[in-house]
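To start, the structure under review is shown below, and the notes come after it.
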Amino acid sequence: MSSIKIAEKAGFCFGVRKAVETVYREAEEARGEVYTYGSIIHNEEVVKDLERKGVRVLDGPEALRALRGGTVIIRSHGIGREIYEICEKKQLRVVDATCPFVAKIHRIVQEENAKGRQVIIVGDPAHPEVMGIRGWGRKDTEVIESAEDFEALGLEKGKSISIVAQTTYNLTKFKKILDKITDLGYDIACFNTICNATQERQTEAGRIASEVDAMIVIGGQSSSNTRKLAEICSAACENTFFVQTADDLDPKVLASFERIGITAGASTPKHIIEEVQTIVRSEF
Ligand code: F3S
């Protein structure tokens, strides 16, 4: 092996770093039980470490309703209005680590509804961030993943529609959907709410993958942004390895490559990235 290229944008984005730091701080300082509403990040290692520090994961509104007190930390994905209402009713202490970029979408949805416009969210309807965004809209707020989904809604022409995107949505796909909806003759207001952190990470990963013989993508299998990175890298480099930790790497296999690239998803802790780097460097 003769060179290693490490993505500068690899690992925690700003919102995830803030959320993870918040949970570690609360685990140390908070009085009483500490909970996160959903796993704080899609990374088993971190979730297990927090469990050892006494932090428990709540898997939905029912788990929240069953609490008798304690601190509930809201992760970077954010939540819908009704979840805050449950916390208030139960008099739980809420520590809000919603990413500011997601909180901005919540505000847009409310403002657009207040103007009388229907909101359409472009994203994955099953993703917690999208479910949270929907939780700030009126009943007619819809989620679409394609222009076909939009057409299937059968909305009357001339209706005022405001469109937002899941922060991790693909920008090119978002633009195509907007073009199609405009062509259909609807009065639309578009809000490009896609986060730059995702775009930058994807562009950099694709570039590095096209310049190396083997590409390592580090992150949890359940992390959609890491899976997307692996997809982009696989398209640019046929020897792409999607690993969760350094243990998943075979140093002998790595030794057969000249140039190796490394990137990591937004929920991959720094120490895991460093462990992988150490293994790769040991093959020099
Ligand atoms: Fe926030 Fe963007 Fe990360 S929306 S959580 S900084 S990917």
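Every chain in the structure tokens has a letter given in the order shown (A, B, ...), and although residue numbers restart at 1 in each chain, ligands are simply numbered from 1 in the order shown.
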Could the residues that lie within 7 Å of ligand 1, counting only C-alpha atoms and all ligand atoms, be listed as an MDAnalysis selection string?
-> chainID A and resid 13:16 76:77 99:102 167:168 195:198 266
Write out as a count of residues only each polymer residue whose atoms come within 10 Å of A:Arg93, counting only C-alpha atoms; drop sequence neighbours fewer than 4 positions from it.
-> 9
For atom CA of A:Asp248 and atom CA of A:Gln199, the interatomic separation in Å (one decimal) =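 Computing it gives 26.7 Å between the two atoms.
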Would you work out the distance separating atom CA of A:Glu26 from atom CA of A:Val46, expressed in Å to one decimal?
->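 So the two atoms, atom CA of A:Glu26 and atom CA of A:Val46, lie 14.8 Å apart.
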Do a neighbour search on A:Lys175 at 10 Å with only C-alpha atoms, toss out local chain neighbours closer than 6 positions, and write the hits as JSON, numbers by chain.
-> {"A": [181, 190, 192]}
Of the candidates A:Ala152, A:Ile83, A:Ile121, A:Ala27, which one gets nearest to A:Arg52 if we count only C-alpha atoms?
->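 When distances to A:Arg52 are compared using only C-alpha atoms, the smallest one comes from A:Ala27.
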For stretch 235-239 of chain A, work out the shell of residues within 10 Å, counting only C-alpha atoms and skipping chain neighbours fewer than 5 positions away, then give it as a list in words.
->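 Final neighbour list, sorted by chain and number: Ala205, Gly206, Arg207, Ile208, Ala209, Ser210, Glu211, Val212, Asp213, Ala214, Met215, Ile216, Leu229, Ala230, Leu254, Phe257, Ile260 and Gly261 of chain A.
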When distances are computed from only C-alpha atoms, which of A:Gly78, A:Ile163, A:Asn43, A:Glu148 shows the smallest separation from A:His127?
->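 Ranking A:Gly78, A:Ile163, A:Asn43, A:Glu148 by distance to A:His127, first place goes to A:Gly78.
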Can you tell me, as a PDB file with N, CA and C atoms, in the first residue's frame, what residues are no more than 10 Å from A:Asp187 when counting only C-alpha atoms, ignoring any on the same chain fewer than 3 positions away?
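This is the output file selection10.pdb:
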```pdb
ATOM      1  N   ARG A 117     -51.173  27.774   3.504  1.00  0.00           N
ATOM      2  CA  ARG A 117     -50.624  26.913   2.459  1.00  0.00           C
ATOM      3  C   ARG A 117     -50.516  25.470   2.948  1.00  0.00           C
ATOM      4  N   LYS A 157     -55.471  21.806  -8.870  1.00  0.00           N
ATOM      5  CA  LYS A 157     -54.549  22.799  -9.451  1.00  0.00           C
ATOM      6  C   LYS A 157     -54.869  24.177  -8.870  1.00  0.00           C
ATOM      7  N   GLY A 158     -53.842  25.006  -8.746  1.00  0.00           N
ATOM      8  CA  GLY A 158     -54.074  26.336  -8.210  1.00  0.00           C
ATOM      9  C   GLY A 158     -53.947  26.377  -6.691  1.00  0.00           C
ATOM     10  N   LYS A 159     -53.848  25.214  -6.085  1.00  0.00           N
ATOM     11  CA  LYS A 159     -53.688  25.155  -4.632  1.00  0.00           C
ATOM     12  C   LYS A 159     -52.314  25.690  -4.244  1.00  0.00           C
ATOM     13  N   SER A 160     -52.231  26.427  -3.133  1.00  0.00           N
ATOM     14  CA  SER A 160     -50.935  26.962  -2.690  1.00  0.00           C
ATOM     15  C   SER A 160     -50.205  25.901  -1.872  1.00  0.00           C
ATOM     16  N   ILE A 161     -49.039  25.557  -2.364  1.00  0.00           N
ATOM     17  CA  ILE A 161     -48.287  24.463  -1.732  1.00  0.00           C
ATOM     18  C   ILE A 161     -46.879  24.917  -1.354  1.00  0.00           C
ATOM     19  N   SER A 162     -46.459  24.565  -0.171  1.00  0.00           N
ATOM     20  CA  SER A 162     -45.083  24.852   0.252  1.00  0.00           C
ATOM     21  C   SER A 162     -44.359  23.522   0.423  1.00  0.00           C
ATOM     22  N   ILE A 181     -43.240  19.178 -10.396  1.00  0.00           N
ATOM     23  CA  ILE A 181     -44.433  19.775  -9.779  1.00  0.00           C
ATOM     24  C   ILE A 181     -44.728  21.143 -10.403  1.00  0.00           C
ATOM     25  N   THR A 182     -43.660  21.919 -10.693  1.00  0.00           N
ATOM     26  CA  THR A 182     -43.838  23.220 -11.344  1.00  0.00           C
ATOM     27  C   THR A 182     -44.469  23.016 -12.723  1.00  0.00           C
ATOM     28  N   LEU A 184     -46.404  20.796 -13.642  1.00  0.00           N
ATOM     29  CA  LEU A 184     -47.807  20.383 -13.514  1.00  0.00           C
ATOM     30  C   LEU A 184     -48.732  21.579 -13.269  1.00  0.00           C
ATOM     31  N   CYS A 190     -40.798  26.848  -2.575  1.00  0.00           N
ATOM     32  CA  CYS A 190     -39.852  25.770  -2.238  1.00  0.00           C
ATOM     33  C   CYS A 190     -38.864  26.225  -1.182  1.00  0.00           C
TER      34      CYS A 190
END
```
DSSP-assigned strand (DSSP E) among stretch 111-281 of chain A, expressed as a PyMOL selection string | chain A and resi 118-122+142-144+160-165+187-190+214-218+240-243+259-264
Straight-line distance linking atom CA of A:Glu274 with atom CA of A:Thr245, stated in Å to one decimal = 10.1 Å
Can you tell me, as a list in words, what residues are no more than 12 Å from A:Glu51 when counting only C-alpha atoms, ignoring any on the same chain fewer than 5 positions away?
-> Val23, Tyr24, Ala27, Glu33, Val34, Tyr35, Thr36, Ser39, Ile40, Glu44, Glu45, Val46, Arg56, Val57 and Leu58 of chain A
Would you please extract all alpha helix (DSSP H) residues from stretch 16-187 of chain A, as assigned by DSSP on the backbone, and give them as a PyMOL selection string?
-> chain A and resi 16-29+44-52+61-65+81-89+100-114+128-134+147-153+171-183
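Shortest separation to A:Asp140 among A:Ala165, A:Asn113, A:Asp96, A:Tyr186 occurs at residue A:Asn113, atoms counted being only C-alpha atoms.
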Smallest atom-to-atom distance to A:Ala114: which of A:Val164, A:Phe241, A:Arg138, A:Ala97, using only C-alpha atoms?
->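 Result for the nearest residue to A:Ala114: A:Arg138.
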Residues at most 9 Å from A:Val143, counting only C-alpha atoms, excluding those fewer than 2 positions away in the same chain, as a ChimeraX atom specification?
-> /A:119-125,130,134,141,145,149-150
Check the smallest atom-to-atom distance from each of A:Lys270, A:Arg31, A:Arg68, A:His42 to A:Gly54 using only C-alpha atoms, then report the winner.
->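 Closest to A:Gly54 of all the choices is A:Arg31.
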